[in-house]
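Undergrad: TSV, C-alpha atoms, saved as model.tsv, coming up:
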chain	number	residue	atom	x	y	z
A	457	MET	CA	0.00	0.00	0.00
A	458	PHE	CA	2.76	2.41	0.99
A	459	ILE	CA	4.62	1.74	-2.24
A	460	ILE	CA	1.52	2.50	-4.33
A	461	LYS	CA	0.92	5.68	-2.33
A	462	PHE	CA	4.54	6.72	-2.80
A	463	ILE	CA	4.38	6.11	-6.56
A	464	LEU	CA	1.09	8.03	-6.88
A	465	ILE	CA	2.45	11.00	-4.91
A	466	ASN	CA	5.57	11.03	-7.06
A	467	ILE	CA	3.55	10.89	-10.27
A	468	TYR	CA	1.41	13.77	-8.97
A	469	LYS	CA	4.49	15.81	-8.00
A	470	THR	CA	6.26	15.31	-11.33
A	471	HIS	CA	3.04	16.08	-13.19
A	472	THR	CA	2.43	19.34	-11.35
A	473	MET	CA	6.10	20.29	-11.72
A	474	ASN	CA	5.94	19.62	-15.45
A	475	SER	CA	2.76	21.64	-15.88
A	476	ASN	CA	4.27	24.54	-13.90
A	477	ASN	CA	7.36	24.44	-16.09
A	478	ARG	CA	5.17	24.38	-19.17
A	479	ILE	CA	3.30	27.49	-18.03
A	480	LYS	CA	6.61	29.24	-17.45
A	481	GLU	CA	7.79	28.18	-20.91
A	482	GLY	CA	4.53	29.42	-22.37
A	483	GLU	CA	5.10	32.81	-20.83
A	484	LYS	CA	8.56	32.85	-22.31
A	485	MET	CA	7.26	32.06	-25.81
A	486	ASN	CA	9.75	33.85	-28.01
A	487	THR	CA	11.01	33.87	-31.56
A	488	THR	CA	13.10	30.70	-31.10
A	489	ASN	CA	9.98	28.79	-29.98
A	490	ILE	CA	8.12	30.01	-33.04
A	491	ALA	CA	11.05	29.08	-35.29
A	492	ASN	CA	11.11	25.60	-33.73
A	493	SER	CA	7.39	25.08	-34.28
A	494	LYS	CA	7.81	26.22	-37.88
A	495	LYS	CA	10.61	23.67	-38.35
A	496	LEU	CA	8.42	20.95	-36.81
A	497	SER	CA	5.52	21.80	-39.11
A	498	LEU	CA	7.85	21.67	-42.11
A	499	LYS	CA	8.87	18.14	-41.11
A	500	ILE	CA	5.22	17.09	-40.66
A	501	ILE	CA	4.40	18.58	-44.09
A	502	THR	CA	7.15	16.43	-45.65
A	503	VAL	CA	5.72	13.29	-44.01
A	504	LEU	CA	2.18	14.30	-45.08
A	505	ASN	CA	3.36	14.79	-48.67
A	506	VAL	CA	4.78	11.24	-48.68
A	507	ILE	CA	1.50	9.88	-47.23
A	508	ILE	CA	-0.61	11.84	-49.77
A	509	TRP	CA	1.45	10.58	-52.73
A	510	PHE	CA	1.42	7.04	-51.37
A	511	ASN	CA	-2.38	7.27	-51.15
A	512	ILE	CA	-2.72	8.62	-54.68
A	513	LEU	CA	-0.58	5.72	-55.93
A	514	TYR	CA	-2.66	3.28	-53.87
A	515	PHE	CA	-5.84	4.80	-55.32
A	516	ILE	CA	-4.56	4.35	-58.90
A	517	ALA	CA	-3.41	0.80	-58.11
A	518	SER	CA	-6.85	0.00	-56.64
A	519	ILE	CA	-8.61	1.22	-59.79
A	520	VAL	CA	-6.23	-0.80	-61.98
A	521	LEU	CA	-6.90	-3.84	-59.78
A	522	LEU	CA	-10.66	-3.28	-60.05
A	523	VAL	CA	-10.55	-3.02	-63.86
A	524	TRP	CA	-8.34	-6.09	-64.06
A	525	ALA	CA	-10.56	-8.04	-61.63
A	526	SER	CA	-13.72	-7.20	-63.54
A	527	PHE	CA	-12.35	-9.08	-66.58
A	528	LEU	CA	-11.49	-12.23	-64.59
A	529	PRO	CA	-13.78	-15.27	-64.61
A	530	GLU	CA	-16.03	-16.11	-61.67
A	531	GLN	CA	-13.74	-18.99	-60.58
A	532	ALA	CA	-10.89	-16.60	-59.76
A	533	PHE	CA	-12.80	-15.15	-56.80
A	534	PHE	CA	-13.17	-16.72	-53.40
A	535	ALA	CA	-15.22	-16.06	-50.30
A	536	GLU	CA	-14.40	-17.62	-46.93
A	537	LYS	CA	-16.41	-17.24	-43.78
A	538	GLY	CA	-14.32	-16.35	-40.72
A	539	VAL	CA	-15.22	-15.78	-37.07
A	540	GLY	CA	-16.46	-12.21	-37.41
A	541	HIS	CA	-15.95	-11.41	-41.06
A	542	TRP	CA	-15.94	-12.65	-44.60
A	543	SER	CA	-12.65	-12.93	-46.45
A	544	LEU	CA	-13.32	-11.94	-50.04
A	545	GLY	CA	-10.55	-12.10	-52.60
A	546	VAL	CA	-9.22	-12.65	-56.08
A	547	ASN	CA	-6.38	-14.86	-57.32
A	548	THR	CA	-3.86	-13.67	-59.89
A	549	LYS	CA	-3.93	-16.66	-62.23
A	550	GLY	CA	-7.66	-16.92	-62.27
A	551	ASN	CA	-7.73	-20.21	-60.41
A	552	VAL	CA	-8.17	-20.66	-56.68
A	553	SER	CA	-6.74	-24.18	-56.46
A	554	THR	CA	-3.20	-23.37	-57.65
A	555	ASN	CA	-0.81	-22.40	-54.89
A	556	GLY	CA	1.95	-19.81	-54.94
A	557	ASN	CA	-0.02	-17.08	-56.63
A	558	ILE	CA	-0.41	-13.54	-55.39
A	559	SER	CA	-3.95	-12.94	-54.22
A	560	PHE	CA	-5.71	-9.75	-53.16
A	561	SER	CA	-8.28	-10.06	-50.46
A	562	SER	CA	-10.22	-7.85	-48.10
A	563	LEU	CA	-11.98	-8.58	-44.84
A	564	VAL	CA	-15.66	-7.66	-44.77
A	565	PRO	CA	-17.31	-7.60	-41.32
A	566	PHE	CA	-20.57	-9.47	-40.81
A	567	ALA	CA	-22.30	-6.17	-40.03
A	568	ILE	CA	-21.94	-5.27	-43.71
A	569	LEU	CA	-22.22	-8.67	-45.36
A	570	GLN	CA	-24.53	-10.95	-43.43
A	571	PRO	CA	-23.21	-14.38	-42.37
A	572	SER	CA	-26.62	-15.98	-42.83
A	573	PHE	CA	-26.32	-15.75	-46.56
A	574	PRO	CA	-27.52	-18.80	-48.57
A	575	SER	CA	-25.05	-21.32	-49.93
A	576	MET	CA	-25.46	-19.85	-53.42
A	577	PHE	CA	-23.13	-17.10	-52.19
A	578	GLU	CA	-20.00	-18.56	-53.77
A	579	LEU	CA	-21.46	-17.84	-57.19
A	580	GLU	CA	-21.59	-14.15	-56.34
A	581	ALA	CA	-18.11	-13.77	-54.84
A	582	LYS	CA	-17.04	-11.66	-57.81
A	583	ALA	CA	-19.89	-9.19	-57.42
A	584	ALA	CA	-19.36	-9.02	-53.65
A	585	TYR	CA	-15.61	-8.43	-53.92
A	586	ILE	CA	-15.84	-5.81	-56.66
A	587	THR	CA	-18.73	-3.99	-54.96
A	588	TYR	CA	-17.05	-3.94	-51.56
A	589	PHE	CA	-13.62	-2.97	-52.86
A	590	SER	CA	-14.87	-0.23	-55.21
A	591	THR	CA	-17.23	1.40	-52.69
A	592	HIS	CA	-14.63	1.14	-49.93
A	593	THR	CA	-11.98	2.79	-52.15
A	594	LEU	CA	-14.33	5.46	-53.46
A	595	THR	CA	-15.58	6.47	-50.01
A	596	SER	CA	-12.41	6.31	-47.92
A	597	MET	CA	-9.76	7.58	-50.36
A	598	PRO	CA	-11.29	10.96	-51.34
A	599	ALA	CA	-12.24	11.66	-47.70
A	600	PHE	CA	-8.74	10.83	-46.51
A	601	LEU	CA	-7.07	12.86	-49.28
A	602	TYR	CA	-9.31	15.88	-48.62
A	603	GLY	CA	-8.58	15.71	-44.88
A	604	ALA	CA	-4.84	15.31	-45.44
A	605	ILE	CA	-4.78	18.31	-47.81
A	606	GLN	CA	-6.67	20.44	-45.26
A	607	ILE	CA	-4.14	19.51	-42.55
A	608	LYS	CA	-1.31	20.29	-44.97
A	609	LYS	CA	-2.78	23.73	-45.70
A	610	ILE	CA	-3.12	24.45	-41.95
A	611	LEU	CA	0.52	23.45	-41.38
A	612	THR	CA	1.63	25.52	-44.38
A	613	SER	CA	-0.10	28.53	-42.81
A	614	ILE	CA	2.09	28.00	-39.71
A	615	THR	CA	5.29	27.92	-41.75
A	616	ASP	CA	4.55	30.56	-44.41
A	617	ASP	CA	2.12	33.08	-42.90
A	618	ASP	CA	2.66	35.36	-39.92
A	619	THR	CA	0.05	33.58	-37.84
A	620	PRO	CA	-2.06	30.41	-38.02
A	621	PHE	CA	-5.00	32.22	-36.38
A	622	SER	CA	-6.91	33.26	-39.46
A	623	HIS	CA	-10.46	32.77	-40.68
A	624	LYS	CA	-9.16	30.57	-43.49
A	625	ASN	CA	-7.85	28.10	-40.92
A	626	VAL	CA	-11.16	28.20	-39.06
A	627	GLN	CA	-12.89	27.17	-42.30
A	628	ARG	CA	-10.29	24.44	-42.89
A	629	PHE	CA	-10.83	22.98	-39.41
A	630	LYS	CA	-14.60	23.08	-39.94
A	631	HIS	CA	-14.30	21.30	-43.31
A	632	LEU	CA	-12.00	18.72	-41.72
A	633	ALA	CA	-14.54	18.13	-38.95
A	634	TYR	CA	-17.42	17.76	-41.43
A	635	VAL	CA	-15.41	15.24	-43.47
A	636	VAL	CA	-14.55	13.21	-40.35
A	637	ILE	CA	-18.17	13.24	-39.09
A	638	GLY	CA	-19.54	12.47	-42.57
A	639	TYR	CA	-17.12	9.62	-43.03
A	640	ALA	CA	-17.92	8.21	-39.60
A	641	LEU	CA	-21.67	8.41	-40.28
A	642	PHE	CA	-22.02	7.40	-43.90
A	643	SER	CA	-19.02	5.42	-45.20
A	644	LYS	CA	-20.09	2.00	-43.94
A	645	VAL	CA	-23.75	2.77	-44.58
A	646	ILE	CA	-22.93	3.48	-48.24
A	647	ILE	CA	-20.97	0.22	-48.48
A	648	SER	CA	-23.77	-1.82	-46.91
A	649	ILE	CA	-26.37	-0.17	-49.17
A	650	ALA	CA	-24.22	-0.93	-52.24
A	651	ILE	CA	-23.80	-4.54	-51.11
A	652	GLY	CA	-27.53	-4.71	-50.44
A	653	ILE	CA	-28.31	-3.52	-53.97
A	654	PHE	CA	-25.73	-5.45	-55.96
A	655	VAL	CA	-25.09	-8.60	-53.93
A	656	THR	CA	-27.40	-9.74	-51.17
A	657	ASN	CA	-30.66	-7.81	-51.66
A	658	ILE	CA	-30.79	-7.58	-47.85
A	659	PHE	CA	-30.78	-4.11	-46.35
A	660	SER	CA	-29.49	-4.02	-42.82
A	661	ILE	CA	-28.08	-0.96	-41.11
A	662	THR	CA	-27.01	-1.52	-37.53
A	663	LEU	CA	-25.52	0.89	-35.01
A	664	THR	CA	-22.12	-0.73	-35.45
A	665	THR	CA	-21.92	0.72	-38.97
A	666	ILE	CA	-21.58	4.18	-37.40
A	667	SER	CA	-18.17	4.93	-35.95
A	668	LEU	CA	-18.72	6.69	-32.62
A	669	SER	CA	-15.03	7.51	-32.15
A	670	GLY	CA	-15.05	9.21	-35.53
A	671	ILE	CA	-18.01	11.38	-34.51
A	672	VAL	CA	-16.32	12.29	-31.21
A	673	GLY	CA	-13.13	13.18	-33.13
A	674	GLY	CA	-15.15	15.32	-35.53
A	675	PHE	CA	-16.79	17.23	-32.69
A	676	LEU	CA	-13.39	17.80	-31.08
A	677	LEU	CA	-12.23	19.28	-34.40
A	678	LEU	CA	-15.27	21.56	-34.39
A	679	ILE	CA	-14.26	22.73	-30.89
A	680	VAL	CA	-10.74	23.37	-32.19
A	681	ALA	CA	-12.29	25.40	-35.02
A	682	GLN	CA	-14.17	27.50	-32.44
A	683	ILE	CA	-10.94	28.04	-30.49
A	684	PHE	CA	-9.21	29.13	-33.69
A	685	GLN	CA	-12.05	31.55	-34.37
A	686	TYR	CA	-11.41	33.14	-30.97
A	687	GLY	CA	-7.68	33.07	-31.78
A	688	ALA	CA	-8.34	34.90	-35.07
A	689	TYR	CA	-10.32	37.55	-33.16
A	690	LEU	CA	-7.47	37.98	-30.65
A	691	GLN	CA	-4.95	38.12	-33.48
A	692	ASN	CA	-6.95	40.91	-35.13
A	693	GLU	CA	-7.06	42.81	-31.82
A	694	HIS	CA	-3.30	42.38	-31.45
A	695	ASP	CA	-2.60	43.44	-35.04
A	696	THR	CA	-4.64	46.64	-34.70
A	697	THR	CA	-2.93	47.63	-31.43
A	698	LEU	CA	0.08	49.89	-31.77
B	1089	MET	CA	-14.70	56.59	-32.49
B	1090	ALA	CA	-15.13	59.21	-29.80
B	1091	ILE	CA	-11.35	59.33	-29.21
B	1092	ILE	CA	-9.51	61.38	-31.82
B	1093	ILE	CA	-5.76	61.30	-32.33
B	1094	ARG	CA	-4.31	64.81	-32.64
B	1095	LEU	CA	-0.87	63.64	-33.61
B	1096	ASP	CA	-0.66	65.84	-36.73
B	1097	ARG	CA	-1.42	68.97	-34.68
B	1098	VAL	CA	1.33	68.24	-32.13
B	1099	LEU	CA	3.72	67.36	-34.96
B	1100	ALA	CA	3.00	70.71	-36.63
B	1101	ASP	CA	3.53	72.53	-33.31
B	1102	ARG	CA	6.91	70.85	-32.82
B	1103	LYS	CA	7.76	71.31	-36.55
B	1104	MET	CA	8.55	67.64	-36.68
B	1105	ARG	CA	8.09	65.16	-39.54
B	1106	LEU	CA	6.35	61.82	-39.09
B	1107	ASN	CA	9.46	59.91	-40.23
B	1108	ASP	CA	11.64	61.61	-37.60
B	1109	LEU	CA	9.13	60.72	-34.88
B	1110	ALA	CA	8.99	57.15	-36.13
B	1111	LYS	CA	12.78	56.90	-35.86
B	1112	LYS	CA	12.81	58.39	-32.35
B	1113	VAL	CA	10.03	56.15	-31.01
B	1114	GLY	CA	11.23	53.04	-32.82
B	1115	LEU	CA	8.05	52.40	-34.78
B	1116	SER	CA	7.65	51.96	-38.51
B	1117	SER	CA	6.35	55.06	-40.28
B	1118	VAL	CA	3.54	52.97	-41.79
B	1119	ASN	CA	2.25	52.07	-38.31
B	1120	LEU	CA	2.57	55.65	-37.14
B	1121	SER	CA	0.64	56.99	-40.12
B	1122	ASN	CA	-2.03	54.37	-39.40
B	1123	LEU	CA	-2.23	55.82	-35.89
B	1124	LYS	CA	-2.45	59.34	-37.28
B	1125	THR	CA	-5.28	58.48	-39.65
B	1126	GLY	CA	-7.22	56.64	-36.92
B	1127	LYS	CA	-6.94	53.14	-38.41
B	1128	VAL	CA	-5.60	51.74	-35.14
B	1129	LYS	CA	-8.01	50.35	-32.53
B	1130	ALA	CA	-5.78	50.56	-29.46
B	1131	ILE	CA	-2.47	51.97	-28.30
B	1132	ARG	CA	-0.10	50.50	-25.72
B	1133	PHE	CA	1.05	52.58	-22.77
B	1134	SER	CA	4.65	51.92	-23.82
B	1135	THR	CA	3.99	53.36	-27.31
B	1136	LEU	CA	2.21	56.36	-25.80
B	1137	GLU	CA	5.14	56.83	-23.42
B	1138	GLY	CA	7.58	56.73	-26.33
B	1139	ILE	CA	5.63	59.32	-28.33
B	1140	CYS	CA	5.22	61.64	-25.30
B	1141	ASN	CA	8.91	61.27	-24.53
B	1142	ALA	CA	9.94	62.06	-28.12
B	1143	MET	CA	7.66	65.08	-28.46
B	1144	GLU	CA	7.90	66.28	-24.85
B	1145	CYS	CA	4.14	66.47	-24.42
B	1146	GLN	CA	1.33	64.96	-22.34
B	1147	PRO	CA	-1.00	62.16	-23.51
B	1148	GLY	CA	-3.83	64.72	-23.38
B	1149	ASP	CA	-2.09	66.72	-26.10
B	1150	ILE	CA	-2.25	63.74	-28.47
B	1151	LEU	CA	-5.61	62.24	-27.52
B	1152	GLU	CA	-8.89	64.07	-27.49
B	1153	TYR	CA	-12.36	62.94	-26.45
B	1154	VAL	CA	-15.25	64.24	-28.53
B	1155	PRO	CA	-18.70	63.04	-27.41
B	1156	GLU	CA	-20.52	61.36	-30.28
B	1157	ASP	CA	-23.81	62.93	-31.34
B	1158	LYS	CA	-26.49	60.42	-30.40
B	1159	ASP	CA	-28.88	61.61	-33.10
B	1160	ASN	CA	-26.35	60.87	-35.83
B	1161	LYS	CA	-25.88	57.30	-34.63
Go ahead and render the structure in this file as structure tokens.

TA:
Amino acid sequence: MFIIKFILINIYKTHTMNSNNRIKEGEKMNTTNIANSKKLSLKIITVLNVIIWFNILYFIASIVLLVWASFLPEQAFFAEKGVGHWSLGVNTKGNVSTNGNISFSSLVPFAILQPSFPSMFELEAKAAYITYFSTHTLTSMPAFLYGAIQIKKILTSITDDDTPFSHKNVQRFKHLAYVVIGYALFSKVIISIAIGIFVTNIFSITLTTISLSGIVGGFLLLIVAQIFQYGAYLQNEHDTTL
Amino acid sequence: MAIIIRLDRVLADRKMRLNDLAKKVGLSSVNLSNLKTGKVKAIRFSTLEGICNAMECQPGDILEYVPEDKDNK
């Protein structure tokens, strides 16, 4: 008991000391701090650029894969039922039985593609795979790219402009929040509707298709946007004071 | 604004140019001309102190309060 108490007190002490130091550092915010944060944002922009280009390449590769898969015969596709998801995929040589081929597969949760599907399902593996993969790519990729570009613009405003507290950045944070909330609400719903139309003819939308953490993240971004709006107001006050 | 900056009047009295004042106070002449034309919302005490020190005057010589006509509002 004493040991736990000792550890807790120490954690509390170090935490309060750190926060005090941080406040002191915040008061001493000077040009070197600003230069350091600009350097850090430049590094993050470089990483973001790599991620954005990797995603664009992945997007192109996915479309090529989709076009190529749509010309393959029905036998090239497979669907296996797992514990909580389907494993849908396609084999490179157009034959499932041969080993040593490269195969592309994606995991589809039961919430989207029902496990109680009739045994005729194997005949529709192609439709299921192409529908899932295309809708998944078309919903997630543009949302991710748009969000990444917004973050990149915000970081660029830190490095290039005098201040990040501008109304443009408020709008960017708001757009980012709307994309995150929209993606959390609708992405899986769109996929399950597409699968319902093209594959199963069963429409089922459960609460698990809505990502609660995504919605919480989106609302946090909206709060950040409000804080930036206040920051933009304070920046204007500061700029018009001589 | 009900507060009017009379910087040009004091400058004329002292026969001083805006650029000279800017150099003495350590402000840019663009900022100082913004102050003169009333484009500035607020002024720091340190800036006011610098201007008063450079022109050897009181803050009351630079700033003037004119009550706004309520009918015109």

Undergrad: Could you list, with a cut-off of 8 Å and counting all atoms listed in the file, the residues of chain B near chain A, each shown with its nearest atom pair and the distance in Å rounded to one decimal, rows sorted by chain and ascending number, as CSV?

TA:
residue,atom,partner,partner_atom,distance
B:Asn1119,CA,A:Leu698,CA,7.2
B:Leu1123,CA,A:Leu698,CA,7.6
B:Lys1127,CA,A:Thr696,CA,7.8
B:Val1128,CA,A:Thr696,CA,5.2
B:Lys1129,CA,A:Thr696,CA,5.5
B:Ala1130,CA,A:Thr697,CA,4.5
B:Ile1131,CA,A:Leu698,CA,4.8
B:Arg1132,CA,A:Leu698,CA,6.1
B:Thr1135,CA,A:Leu698,CA,6.9

Undergrad: Set the distance at 10 Å and use all atoms listed in the file: which residues neighbour segment 607-618 of chain A once local chain neighbours fewer than 6 positions away are removed? I'd like the list as a list in words.

TA: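 Residues near the query, excluding close chain neighbours: Ile490, Ala491, Ser493, Lys494, Lys495, Leu496, Ser497, Leu498, Lys499, Ile500, Ile501, Thr502, Val503, Leu504, Asn505, Ile508, Leu601, Lys624, Asn625, Val626, Arg628, Phe629 and Leu632 of chain A.
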
Undergrad: Limited to C-alpha atoms, could you put the picked residues into a file as a PDB file, keeping the file's coordinate frame?

TA:
ATOM      1  CA  ILE A 490       8.120  30.010 -33.040  1.00  0.00           C
ATOM      2  CA  ALA A 491      11.050  29.080 -35.290  1.00  0.00           C
ATOM      3  CA  SER A 493       7.390  25.080 -34.280  1.00  0.00           C
ATOM      4  CA  LYS A 494       7.810  26.220 -37.880  1.00  0.00           C
ATOM      5  CA  LYS A 495      10.610  23.670 -38.350  1.00  0.00           C
ATOM      6  CA  LEU A 496       8.420  20.950 -36.810  1.00  0.00           C
ATOM      7  CA  SER A 497       5.520  21.800 -39.110  1.00  0.00           C
ATOM      8  CA  LEU A 498       7.850  21.670 -42.110  1.00  0.00           C
ATOM      9  CA  LYS A 499       8.870  18.140 -41.110  1.00  0.00           C
ATOM     10  CA  ILE A 500       5.220  17.090 -40.660  1.00  0.00           C
ATOM     11  CA  ILE A 501       4.400  18.580 -44.090  1.00  0.00           C
ATOM     12  CA  THR A 502       7.150  16.430 -45.650  1.00  0.00           C
ATOM     13  CA  VAL A 503       5.720  13.290 -44.010  1.00  0.00           C
ATOM     14  CA  LEU A 504       2.180  14.300 -45.080  1.00  0.00           C
ATOM     15  CA  ASN A 505       3.360  14.790 -48.670  1.00  0.00           C
ATOM     16  CA  ILE A 508      -0.610  11.840 -49.770  1.00  0.00           C
ATOM     17  CA  LEU A 601      -7.070  12.860 -49.280  1.00  0.00           C
ATOM     18  CA  LYS A 624      -9.160  30.570 -43.490  1.00  0.00           C
ATOM     19  CA  ASN A 625      -7.850  28.100 -40.920  1.00  0.00           C
ATOM     20  CA  VAL A 626     -11.160  28.200 -39.060  1.00  0.00           C
ATOM     21  CA  ARG A 628     -10.290  24.440 -42.890  1.00  0.00           C
ATOM     22  CA  PHE A 629     -10.830  22.980 -39.410  1.00  0.00           C
ATOM     23  CA  LEU A 632     -12.000  18.720 -41.720  1.00  0.00           C
TER      24      LEU A 632
END

Undergrad: Can you measure atom CA of Phe675 of chain A to atom CA of Ala633 of chain A for me? One decimal in Å is fine.

TA: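 So the answer is 6.7 Å.
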
Undergrad: Need to verify the contact set: Phe600 of chain A, 10 Å, all atoms listed in the file, exclusion of same-chain residues closer than 4 positions in sequence. Can you return it as a JSON list (two decimals) with C-alpha atoms, in the coordinates of the input?

TA:
[["chain", "number", "residue", "atom", "x", "y", "z"],
["A", 508, "ILE", "CA", -0.61, 11.84, -49.77],
["A", 511, "ASN", "CA", -2.38, 7.27, -51.15],
["A", 595, "THR", "CA", -15.58, 6.47, -50.01],
["A", 596, "SER", "CA", -12.41, 6.31, -47.92],
["A", 604, "ALA", "CA", -4.84, 15.31, -45.44],
["A", 605, "ILE", "CA", -4.78, 18.31, -47.81],
["A", 606, "GLN", "CA", -6.67, 20.44, -45.26],
["A", 632, "LEU", "CA", -12.00, 18.72, -41.72],
["A", 635, "VAL", "CA", -15.41, 15.24, -43.47],
["A", 636, "VAL", "CA", -14.55, 13.21, -40.35],
["A", 639, "TYR", "CA", -17.12, 9.62, -43.03]]

Undergrad: Of the candidates B:Leu1136, B:Met1143, B:Glu1156, B:Asp1149, which one gets nearest to Lys1103 of chain B if we count all atoms listed in the file?

TA: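 Selected residue with least distance to Lys1103 of chain B: B:Met1143.
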
Undergrad: Of the residues A:Gly538, A:Gly603, A:Gly670, A:Gly652, which is the one nearest to Pro571 of chain A, using all atoms listed in the file?

TA: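 Looking at the shortest contact to Pro571 of chain A, the residue is A:Gly538.
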
Undergrad: Could you check how far atom CA of Ser561 of chain A sits from atom CA of Tyr602 of chain A, in Å to one decimal?

TA: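 Distance between the two atoms: 26.0 Å.
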
Undergrad: Hey, can you pull every residue with an atom no more than 7 Å from (7.2, 57.8, -44.5), using all atoms listed in the file, and send it as a list in words?

TA: Leu1106, Asn1107, Ser1117 and Val1118 of chain B

Undergrad: As an exercise, work out the distance from atom CA of Tyr689 of chain A to atom CA of His623 of chain A in Å and give it to one decimal place.

TA: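 Atom CA of His623 of chain A lies 8.9 Å from atom CA of Tyr689 of chain A.
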
Undergrad: Could you list, as a ChimeraX atom specification, every residue within 8 Å of Thr665 of chain A, counting only C-alpha atoms and ignoring same-chain residues fewer than 6 positions away?

TA: /A:567-568,641,644-645

Undergrad: Would you put the residues from that selection into a file with C-alpha atoms, as a PDB file, in the frame of the given file?

TA:
ATOM      1  CA  ALA A 567     -22.300  -6.170 -40.030  1.00  0.00           C
ATOM      2  CA  ILE A 568     -21.940  -5.270 -43.710  1.00  0.00           C
ATOM      3  CA  LEU A 641     -21.670   8.410 -40.280  1.00  0.00           C
ATOM      4  CA  LYS A 644     -20.090   2.000 -43.940  1.00  0.00           C
ATOM      5  CA  VAL A 645     -23.750   2.770 -44.580  1.00  0.00           C
TER       6      VAL A 645
END

Undergrad: Report as a PyMOL selection string all protein, DNA and RNA residues lying within 10 Å of Gly1114 of chain B, evaluated on all atoms listed in the file, omitting residues in the same chain fewer than 4 positions from it.

TA: chain B and resi 1108-1110+1135+1138-1139

Undergrad: If you count only C-alpha atoms, which residues fall within 10 Å of Gly673 of chain A, apart from same-chain ones fewer than 3 positions away, as a ChimeraX atom specification?

TA: /A:633,636-637,640,668-670,676-679

Undergrad: Save out the residues we just selected, C-alpha atoms, as an mmCIF file, keeping the file's coordinate frame.

TA:
data_model
loop_
_atom_site.group_PDB
_atom_site.id
_atom_site.type_symbol
_atom_site.label_atom_id
_atom_site.label_comp_id
_atom_site.auth_asym_id
_atom_site.auth_seq_id
_atom_site.Cartn_x
_atom_site.Cartn_y
_atom_site.Cartn_z
ATOM 1 C CA ALA A 633 -14.540 18.130 -38.950
ATOM 2 C CA VAL A 636 -14.550 13.210 -40.350
ATOM 3 C CA ILE A 637 -18.170 13.240 -39.090
ATOM 4 C CA ALA A 640 -17.920 8.210 -39.600
ATOM 5 C CA LEU A 668 -18.720 6.690 -32.620
ATOM 6 C CA SER A 669 -15.030 7.510 -32.150
ATOM 7 C CA GLY A 670 -15.050 9.210 -35.530
ATOM 8 C CA LEU A 676 -13.390 17.800 -31.080
ATOM 9 C CA LEU A 677 -12.230 19.280 -34.400
ATOM 10 C CA LEU A 678 -15.270 21.560 -34.390
ATOM 11 C CA ILE A 679 -14.260 22.730 -30.890
#
